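See below for the structure under consideration.
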Amino acid sequence: MEAIQIFWDTIVTRQDLIIERTMEHLYISFLAILIATCISLPLGIYISRKKKVAEFYIGITAVLQTIPSLALFGFLVPILGIGIKTALVALIIYALLPILRNTYTGLTGVDEGIMEAGEGMGMTKSQILWKIQLPLALPFLMAGIRTATVLTVGVATLATFVGAGGLGDVIWRGLQSWNNSLVLAGAIPVAFMALFFDYILKMIEKKVTPKGIKS
Amino acid sequence: MLITFENVTKKYGDDTVAVDDVSFTVKKGNLVTLIGPSGCGKTTTMKMINKLIPVTSGTISIDGKDISRENAVELRRNIGYVIQRIGLLPHMTIEENVSLVPKLKGWKKEVYQKKVDDLLDMVGLDPSIYKKKYPLELSGGQQQRIGVIRALAGEPPIILMDEPFSALDPISREQLQDELKILQKNIHKTIVFVTHDMDEALKIADEVIIMKAGSIQQVATPKTLLEKPINDFVSSFIGEERIQQSIQNRKLHRAETIMTPWKEGREESDLPSLSQDASLQEVARVMLAQNSESLIITDNSGKPVGRLQKNQLLQELAGVETGGK
């Protein structure tokens with residue numbers, strides 16, 4: 001009980017800091033996902049039509065993904081300096097792969113028979129994309145964005161090391177001062193944020209799944 | 001709509017010849033089946049008609065117009081297309097699926113809505129029940145019925161069908177073949193139908209084109225094909241059993257088999273006469289044309305060998321109908 005009391009006191013006394021860092025965290029994560037989606041979605045559509053280069057692009061994002069996150073933030077500092085810009089770039093790099101790969105898988109996974117029927121009926125390439133491929137691939141796209149979001153919210157705790165704030169700041173202060181309550185006060189909002197985004201996106205995913213293909 | 005192939009060749013790369021210098025004509029309103037073992041080029045031949053596969057050399061024309069000069073998208077909107085994998089769009093209702101091509105062609109809503117209802121009625125699916133359903137809620141046979149009427153919805157004069165019934169269960173397949181046959185009689189579309197099933201080809205086709213290794217072996221009506229297969233490949237592809245069966249059928253259904261043998265001493269030379277080899281159809285035709293109750297059946301030298309009454313013919317035909325199938 002004592003521990004809970006201490007935890008609660010920490011939250012109350014540090015509430016300004018926690019709220020401010022939470023907003024920063026939200027902002028960085030959201031912006032990174034938005035930009036990563038804007039890059040990956042069109043790129044995914046492009047490579048779904050050029051299967052020869054597809055593996056190359058997906059390969060690049062996969063290699064970027066394998067760089068340990070802490071190291072990536074470190075690499076970027078000499079190039080981009082410290083601040084929010086560096087954090088954003090690192091997070092975008094991490095979010096690219098899940099969105100790109102799912103977009104590609106979703107678009108190329110549409111039944112050949114359906115595509116052939118569409119083409120044979122006299123639909124143009126863009127009609128096939130908008131009326132057949134994208135609606136049918138939408139659940140995949142959403143799943144990719146969901147994975148990327150949960151990942152980004154977690155990795156964004158490292159933004160503090162490049163001076164971009166976020167809830168990692170709270171956690172790091174707690175670790176440095178041996179204050180477990182403060183660590184939790186930073187970690188718990190991160191977990192909730194990830195769960196919350198996941199839930200919202202799951203709802204959207206359900207909503208956008210075309211009626212005829214719901215099982 | 002007349003489809004003409006003139007020396008059409010399709011090569012993949014430099015050495016793989018899929019279709020080799022093929023020439024044929026599909027007459028307006030005919031149902032033509034392209035048949036052959038797998039890899040014989042039948043599907044490739046069909047897909048060149050709606051430009052899903054480009055030709056390497058030669059000319060394909062529809063009603064005298066070279067299709068290589070036509071816009072592929074426009075061309076396809078006027079050629080119905082039915083495929084083995086059905087290819088209904090699972091995220092669209094039956095109504096939306098069927099009205100796809102009419103919408104692409106810019107029809108008015110009232111016009112295509114009525115068309116959808118009419119077509120559903122035509123294949124025996126109640127519009128009020130099925131219009132709002134999704135493809136996955138239908139059985140395979142029902143889905144392919146939708147596949148067929150979707151191809152008809154834009155009122156194309158030509159329909160291409162790529163093994164449309166081969167993935168269905170035998171009962172649905174038979175039903176759809178029968179329905180297609182009836183449909184064809186009513187709507188007079190020019191249909192090019194690819195199949196590997198000889199029974200199917202013989203059953204539905206006005207004309208059968210048999211292919212092997214990219215070239216045409218024989219173009220003939222099912223009847224001629226059975227009676228006069230042009231070479232060993234064709235007869236073995238048709239199958240000895242089917243050929244024997246057709247000979248048997250021809251023997252069974254001749255005037256000679258149902259006539260009453262000739263009794264000497266009766267003079268009825270005013271009756272029309274027919275050869276003993278005449279088919280029952282010919283017998284019926286003569287009887288109708290001459291308005292006659294009976295015929296004299298003669299042998300090859302013209303000597304009377306029997307007499308055939310209308311009742312005998314009717315009995316035989318009734319027997320064929322009830323006992324034949």
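For the structure tokens, the naming scheme is as follows: chains receive sequential letters (A, B, ...) according to their order of presentation, residues are indexed from 1 within each chain, and ligands are indexed from 1 in presentation order.
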
Using only C-alpha atoms, which protein or nucleic acid residues come within 12 Å of B:Asp63? Drop anything in the same chain fewer than 4 positions from it, and give the result as a PyMOL selection string.
chain B and resi 1-5+25-28+67+157-158+190

Contact check, chain B to chain A, at most 8 Å, counting only C-alpha atoms, closest pairs as a Markdown table:
| residue | atom | partner | partner_atom | distance |
| --- | --- | --- | --- | --- |
| B:Asn50 | CA | A:Gly120 | CA | 7.2 |
| B:Leu52 | CA | A:Gly120 | CA | 7.0 |
| B:Ala72 | CA | A:Gly122 | CA | 7.5 |
| B:Val73 | CA | A:Gly122 | CA | 4.5 |
| B:Glu74 | CA | A:Gly122 | CA | 6.5 |
| B:Leu75 | CA | A:Gly122 | CA | 7.4 |
| B:Arg76 | CA | A:Gly122 | CA | 4.7 |
| B:Arg77 | CA | A:Gly122 | CA | 4.8 |
| B:Ile79 | CA | A:Met121 | CA | 7.5 |
| B:Gly80 | CA | A:Met121 | CA | 6.8 |
| B:Tyr81 | CA | A:Gly120 | CA | 6.0 |
| B:Val82 | CA | A:Ala117 | CA | 7.5 |
| B:Ile83 | CA | A:Ala117 | CA | 7.2 |
| B:Arg85 | CA | A:Gly113 | CA | 5.3 |
| B:Ile86 | CA | A:Gly113 | CA | 6.8 |
| B:Gly87 | CA | A:Ile114 | CA | 4.1 |
| B:Leu88 | CA | A:Ile114 | CA | 6.2 |
| B:Leu89 | CA | A:Ile114 | CA | 6.2 |
| B:Pro90 | CA | A:Gly212 | CA | 5.4 |
| B:His91 | CA | A:Gly212 | CA | 4.4 |
| B:Met92 | CA | A:Gly212 | CA | 6.5 |
| B:Thr93 | CA | A:Gly212 | CA | 7.3 |
| B:Val101 | CA | A:Met121 | CA | 6.5 |
| B:Leu104 | CA | A:Met123 | CA | 7.5 |
| B:Tyr134 | CA | A:Gly212 | CA | 5.3 |
| B:Pro135 | CA | A:Gly212 | CA | 7.2 |
| B:Leu136 | CA | A:Gly212 | CA | 7.0 |
| B:Ala151 | CA | A:Met121 | CA | 7.8 |

Selected residues written out, N, CA and C atoms, as a PDB file, in the first residue's frame:
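Generated file (selection29.pdb):
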ATOM      1  N   ASN B  50      -9.757 -10.322 -76.510  1.00  0.00           N
ATOM      2  CA  ASN B  50      -9.986  -9.065 -75.769  1.00  0.00           C
ATOM      3  C   ASN B  50      -8.673  -8.408 -75.339  1.00  0.00           C
ATOM      4  N   LEU B  52      -6.135  -9.277 -73.733  1.00  0.00           N
ATOM      5  CA  LEU B  52      -5.464  -9.523 -72.461  1.00  0.00           C
ATOM      6  C   LEU B  52      -4.070 -10.052 -72.758  1.00  0.00           C
ATOM      7  N   ALA B  72      -7.884  -0.919 -75.894  1.00  0.00           N
ATOM      8  CA  ALA B  72      -8.146  -2.182 -75.203  1.00  0.00           C
ATOM      9  C   ALA B  72      -9.296  -2.066 -74.201  1.00  0.00           C
ATOM     10  N   VAL B  73      -9.302  -0.970 -73.441  1.00  0.00           N
ATOM     11  CA  VAL B  73     -10.335  -0.802 -72.413  1.00  0.00           C
ATOM     12  C   VAL B  73     -11.723  -0.715 -73.049  1.00  0.00           C
ATOM     13  N   GLU B  74     -11.847   0.080 -74.109  1.00  0.00           N
ATOM     14  CA  GLU B  74     -13.127   0.210 -74.800  1.00  0.00           C
ATOM     15  C   GLU B  74     -13.568  -1.123 -75.394  1.00  0.00           C
ATOM     16  N   LEU B  75     -12.604  -1.808 -76.007  1.00  0.00           N
ATOM     17  CA  LEU B  75     -12.888  -3.097 -76.636  1.00  0.00           C
ATOM     18  C   LEU B  75     -13.452  -4.070 -75.606  1.00  0.00           C
ATOM     19  N   ARG B  76     -12.809  -4.140 -74.433  1.00  0.00           N
ATOM     20  CA  ARG B  76     -13.215  -5.104 -73.402  1.00  0.00           C
ATOM     21  C   ARG B  76     -14.593  -4.805 -72.845  1.00  0.00           C
ATOM     22  N   ARG B  77     -14.974  -3.544 -72.845  1.00  0.00           N
ATOM     23  CA  ARG B  77     -16.305  -3.218 -72.315  1.00  0.00           C
ATOM     24  C   ARG B  77     -17.403  -3.740 -73.238  1.00  0.00           C
ATOM     25  N   ILE B  79     -17.002  -6.753 -74.793  1.00  0.00           N
ATOM     26  CA  ILE B  79     -16.818  -8.197 -74.879  1.00  0.00           C
ATOM     27  C   ILE B  79     -17.013  -8.770 -73.478  1.00  0.00           C
ATOM     28  N   GLY B  80     -18.041  -9.575 -73.308  1.00  0.00           N
ATOM     29  CA  GLY B  80     -18.267 -10.173 -71.998  1.00  0.00           C
ATOM     30  C   GLY B  80     -17.160 -11.159 -71.676  1.00  0.00           C
ATOM     31  N   TYR B  81     -16.870 -11.323 -70.385  1.00  0.00           N
ATOM     32  CA  TYR B  81     -15.742 -12.170 -70.014  1.00  0.00           C
ATOM     33  C   TYR B  81     -16.096 -12.977 -68.775  1.00  0.00           C
ATOM     34  N   VAL B  82     -16.065 -14.291 -68.908  1.00  0.00           N
ATOM     35  CA  VAL B  82     -16.377 -15.179 -67.781  1.00  0.00           C
ATOM     36  C   VAL B  82     -15.175 -16.094 -67.579  1.00  0.00           C
ATOM     37  N   ILE B  83     -14.685 -16.192 -66.324  1.00  0.00           N
ATOM     38  CA  ILE B  83     -13.491 -17.002 -66.091  1.00  0.00           C
ATOM     39  C   ILE B  83     -13.761 -18.138 -65.111  1.00  0.00           C
ATOM     40  N   ARG B  85     -12.227 -18.882 -62.422  1.00  0.00           N
ATOM     41  CA  ARG B  85     -12.156 -18.499 -61.014  1.00  0.00           C
ATOM     42  C   ARG B  85     -13.268 -17.536 -60.623  1.00  0.00           C
ATOM     43  N   ILE B  86     -14.237 -17.372 -61.518  1.00  0.00           N
ATOM     44  CA  ILE B  86     -15.430 -16.566 -61.320  1.00  0.00           C
ATOM     45  C   ILE B  86     -15.100 -15.086 -61.177  1.00  0.00           C
ATOM     46  N   GLY B  87     -14.258 -14.752 -60.176  1.00  0.00           N
ATOM     47  CA  GLY B  87     -13.778 -13.377 -60.090  1.00  0.00           C
ATOM     48  C   GLY B  87     -14.835 -12.344 -59.752  1.00  0.00           C
ATOM     49  N   LEU B  88     -15.836 -12.724 -58.954  1.00  0.00           N
ATOM     50  CA  LEU B  88     -16.761 -11.691 -58.475  1.00  0.00           C
ATOM     51  C   LEU B  88     -16.007 -10.843 -57.451  1.00  0.00           C
ATOM     52  N   LEU B  89     -16.343  -9.563 -57.389  1.00  0.00           N
ATOM     53  CA  LEU B  89     -15.663  -8.707 -56.425  1.00  0.00           C
ATOM     54  C   LEU B  89     -16.327  -8.922 -55.060  1.00  0.00           C
ATOM     55  N   PRO B  90     -15.576  -9.486 -54.102  1.00  0.00           N
ATOM     56  CA  PRO B  90     -16.206  -9.935 -52.859  1.00  0.00           C
ATOM     57  C   PRO B  90     -16.734  -8.796 -52.003  1.00  0.00           C
ATOM     58  N   HIS B  91     -16.221  -7.578 -52.218  1.00  0.00           N
ATOM     59  CA  HIS B  91     -16.661  -6.459 -51.380  1.00  0.00           C
ATOM     60  C   HIS B  91     -17.845  -5.714 -51.978  1.00  0.00           C
ATOM     61  N   MET B  92     -18.346  -6.221 -53.090  1.00  0.00           N
ATOM     62  CA  MET B  92     -19.506  -5.574 -53.692  1.00  0.00           C
ATOM     63  C   MET B  92     -20.696  -6.529 -53.685  1.00  0.00           C
ATOM     64  N   THR B  93     -21.894  -5.971 -53.578  1.00  0.00           N
ATOM     65  CA  THR B  93     -23.089  -6.810 -53.590  1.00  0.00           C
ATOM     66  C   THR B  93     -23.271  -7.393 -54.995  1.00  0.00           C
ATOM     67  N   VAL B 101     -20.098  -3.252 -65.476  1.00  0.00           N
ATOM     68  CA  VAL B 101     -19.813  -2.812 -66.844  1.00  0.00           C
ATOM     69  C   VAL B 101     -20.807  -1.731 -67.305  1.00  0.00           C
ATOM     70  N   LEU B 104     -19.505   1.371 -65.973  1.00  0.00           N
ATOM     71  CA  LEU B 104     -18.304   1.810 -66.691  1.00  0.00           C
ATOM     72  C   LEU B 104     -18.684   2.443 -68.022  1.00  0.00           C
ATOM     73  N   TYR B 134     -23.887 -10.682 -50.751  1.00  0.00           N
ATOM     74  CA  TYR B 134     -22.494 -10.612 -51.190  1.00  0.00           C
ATOM     75  C   TYR B 134     -22.107 -11.956 -51.803  1.00  0.00           C
ATOM     76  N   PRO B 135     -21.141 -11.940 -52.732  1.00  0.00           N
ATOM     77  CA  PRO B 135     -20.774 -13.174 -53.449  1.00  0.00           C
ATOM     78  C   PRO B 135     -20.507 -14.377 -52.534  1.00  0.00           C
ATOM     79  N   LEU B 136     -19.820 -14.136 -51.407  1.00  0.00           N
ATOM     80  CA  LEU B 136     -19.446 -15.278 -50.564  1.00  0.00           C
ATOM     81  C   LEU B 136     -20.648 -15.920 -49.870  1.00  0.00           C
ATOM     82  N   ALA B 151     -21.305 -10.817 -67.252  1.00  0.00           N
ATOM     83  CA  ALA B 151     -20.724 -10.662 -68.585  1.00  0.00           C
ATOM     84  C   ALA B 151     -21.768 -10.200 -69.596  1.00  0.00           C
TER      85      ALA B 151
END

Got a sec: who's within 12 Å of A:Met203, counting only C-alpha atoms, leaving out chain neighbours fewer than 6 positions off, as a list in words?
Pro139, Met142, Ala143, Arg146, Phe196, Phe197 and Thr209 of chain A

Within 8 Å of A:Ile82, counting only C-alpha atoms, which residues show up once you throw out same-chain ones fewer than 5 positions away? Write them as a ChimeraX atom specification, please.
/A:77,162-164

Residues near A:Ala3, anyone? I mean within 9 Å using only C-alpha atoms, not counting same-chain ones fewer than 4 positions away, as a PDB file with C-alpha atoms, in the first residue's frame.
ATOM      1  CA  PHE A   7       3.493   6.376  -6.677  1.00  0.00           C
ATOM      2  CA  TRP A   8       0.367   8.482  -6.365  1.00  0.00           C
ATOM      3  CA  SER A 181       7.691   5.528  -8.989  1.00  0.00           C
TER       4      SER A 181
END

Residue neighbourhood B:Asp126, 12 Å, only C-alpha atoms, exclusion window fewer than 5 positions, as a VMD selection string
chain B and resid 94 to 95 116 to 121 131 to 133 142

How would the residues just picked look written out with N, CA and C atoms as an mmCIF file, in the first residue's frame?
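What follows is the written file again_36.cif:
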data_model
loop_
_atom_site.group_PDB
_atom_site.id
_atom_site.type_symbol
_atom_site.label_atom_id
_atom_site.label_comp_id
_atom_site.auth_asym_id
_atom_site.auth_seq_id
_atom_site.Cartn_x
_atom_site.Cartn_y
_atom_site.Cartn_z
ATOM 1 N N ILE B 94 -24.185 -8.357 -55.095
ATOM 2 C CA ILE B 94 -24.485 -8.957 -56.389
ATOM 3 C C ILE B 94 -24.910 -7.876 -57.375
ATOM 4 N N GLU B 95 -25.753 -6.967 -56.890
ATOM 5 C CA GLU B 95 -26.230 -5.883 -57.753
ATOM 6 C C GLU B 95 -25.053 -5.049 -58.272
ATOM 7 N N VAL B 116 -30.274 -5.456 -64.191
ATOM 8 C CA VAL B 116 -29.844 -6.386 -63.141
ATOM 9 C C VAL B 116 -30.999 -7.309 -62.755
ATOM 10 N N ASP B 117 -32.177 -6.707 -62.539
ATOM 11 C CA ASP B 117 -33.343 -7.510 -62.172
ATOM 12 C C ASP B 117 -33.677 -8.537 -63.249
ATOM 13 N N ASP B 118 -33.689 -8.070 -64.492
ATOM 14 C CA ASP B 118 -34.031 -8.965 -65.606
ATOM 15 C C ASP B 118 -33.057 -10.136 -65.687
ATOM 16 N N LEU B 119 -31.779 -9.828 -65.550
ATOM 17 C CA LEU B 119 -30.767 -10.877 -65.683
ATOM 18 C C LEU B 119 -30.859 -11.881 -64.539
ATOM 19 N N LEU B 120 -31.082 -11.379 -63.323
ATOM 20 C CA LEU B 120 -31.222 -12.294 -62.188
ATOM 21 C C LEU B 120 -32.426 -13.208 -62.391
ATOM 22 N N ASP B 121 -33.521 -12.616 -62.863
ATOM 23 C CA ASP B 121 -34.706 -13.423 -63.168
ATOM 24 C C ASP B 121 -34.378 -14.496 -64.193
ATOM 25 N N LYS B 131 -30.140 -9.594 -54.794
ATOM 26 C CA LYS B 131 -29.497 -8.339 -55.175
ATOM 27 C C LYS B 131 -28.547 -7.795 -54.112
ATOM 28 N N LYS B 132 -28.990 -7.843 -52.874
ATOM 29 C CA LYS B 132 -28.210 -7.209 -51.798
ATOM 30 C C LYS B 132 -27.241 -8.173 -51.120
ATOM 31 N N LYS B 133 -27.195 -9.404 -51.598
ATOM 32 C CA LYS B 133 -26.268 -10.362 -50.989
ATOM 33 C C LYS B 133 -24.849 -10.122 -51.503
ATOM 34 N N GLN B 142 -24.265 -20.745 -57.957
ATOM 35 C CA GLN B 142 -24.939 -19.439 -58.003
ATOM 36 C C GLN B 142 -23.950 -18.332 -58.358
#

Show me, as number ranges by chain, the residues that have an atom within 12 Å of A:Thr160 when counting only C-alpha atoms, minus same-chain residues fewer than 2 positions from it.
A: 21, 24-25, 28, 70, 73-74, 82-84, 86-88, 155-158, 162-173, 186

Can you spit out the residues from that selection as a CSV table (one decimal), in the first residue's frame, using C-alpha atoms?
chain,number,residue,atom,x,y,z
A,21,ARG,CA,5.9,14.9,-21.7
A,24,GLU,CA,5.2,15.7,-26.6
A,25,HIS,CA,5.2,11.9,-26.9
A,28,ILE,CA,6.2,13.0,-32.0
A,70,LEU,CA,19.4,3.3,-29.6
A,73,PHE,CA,19.3,7.7,-32.6
A,74,GLY,CA,23.0,7.9,-32.0
A,82,ILE,CA,19.8,17.1,-31.5
A,83,GLY,CA,16.1,17.9,-31.3
A,84,ILE,CA,12.8,16.8,-32.5
A,86,THR,CA,16.3,13.7,-35.3
A,87,ALA,CA,13.7,11.9,-33.3
A,88,LEU,CA,11.2,12.1,-36.0
A,155,VAL,CA,10.5,3.5,-29.5
A,156,ALA,CA,9.6,7.2,-29.0
A,157,THR,CA,10.8,6.8,-25.3
A,158,LEU,CA,14.3,7.0,-26.8
A,162,VAL,CA,18.4,13.3,-28.7
A,163,GLY,CA,16.8,16.1,-26.6
A,164,ALA,CA,13.3,15.7,-28.1
A,165,GLY,CA,11.5,15.1,-24.8
A,166,GLY,CA,8.6,12.7,-24.6
A,167,LEU,CA,7.8,10.3,-21.8
A,168,GLY,CA,11.3,8.7,-22.1
A,169,ASP,CA,12.4,11.9,-20.3
A,170,VAL,CA,10.3,11.0,-17.2
A,171,ILE,CA,11.6,7.4,-17.2
A,172,TRP,CA,15.2,8.5,-17.6
A,173,ARG,CA,14.9,10.9,-14.7
A,186,GLY,CA,6.6,7.6,-17.4

Distance criterion (only C-alpha atoms): nearest to B:Ile296 out of B:Ser279, B:Thr260, B:Gln312, B:Thr224
B:Thr260

Could you jot down the atom CA of B:Asp21 to atom CA of B:Ile238 separation for me, Å, one decimal place?
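It comes out at 23.4 Å.
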
One-decimal distance in Å that lies between atom CA of A:Ser29 and atom CA of A:Leu201:
14.3 Å

Using DSSP on the backbone coordinates, identify the residues of stretch 25-208 of chain B assigned to alpha helix (DSSP H); present them as a VMD selection string.
chain B and resid 42 to 47 72 to 77 94 to 98 100 to 104 109 to 122 127 to 130 140 to 153 170 to 187 198 to 204

How many Å separate atom CA of B:Val286 from atom CA of B:Asn311?
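Between atom CA of B:Val286 and atom CA of B:Asn311 the gap works out to 14.5 Å.
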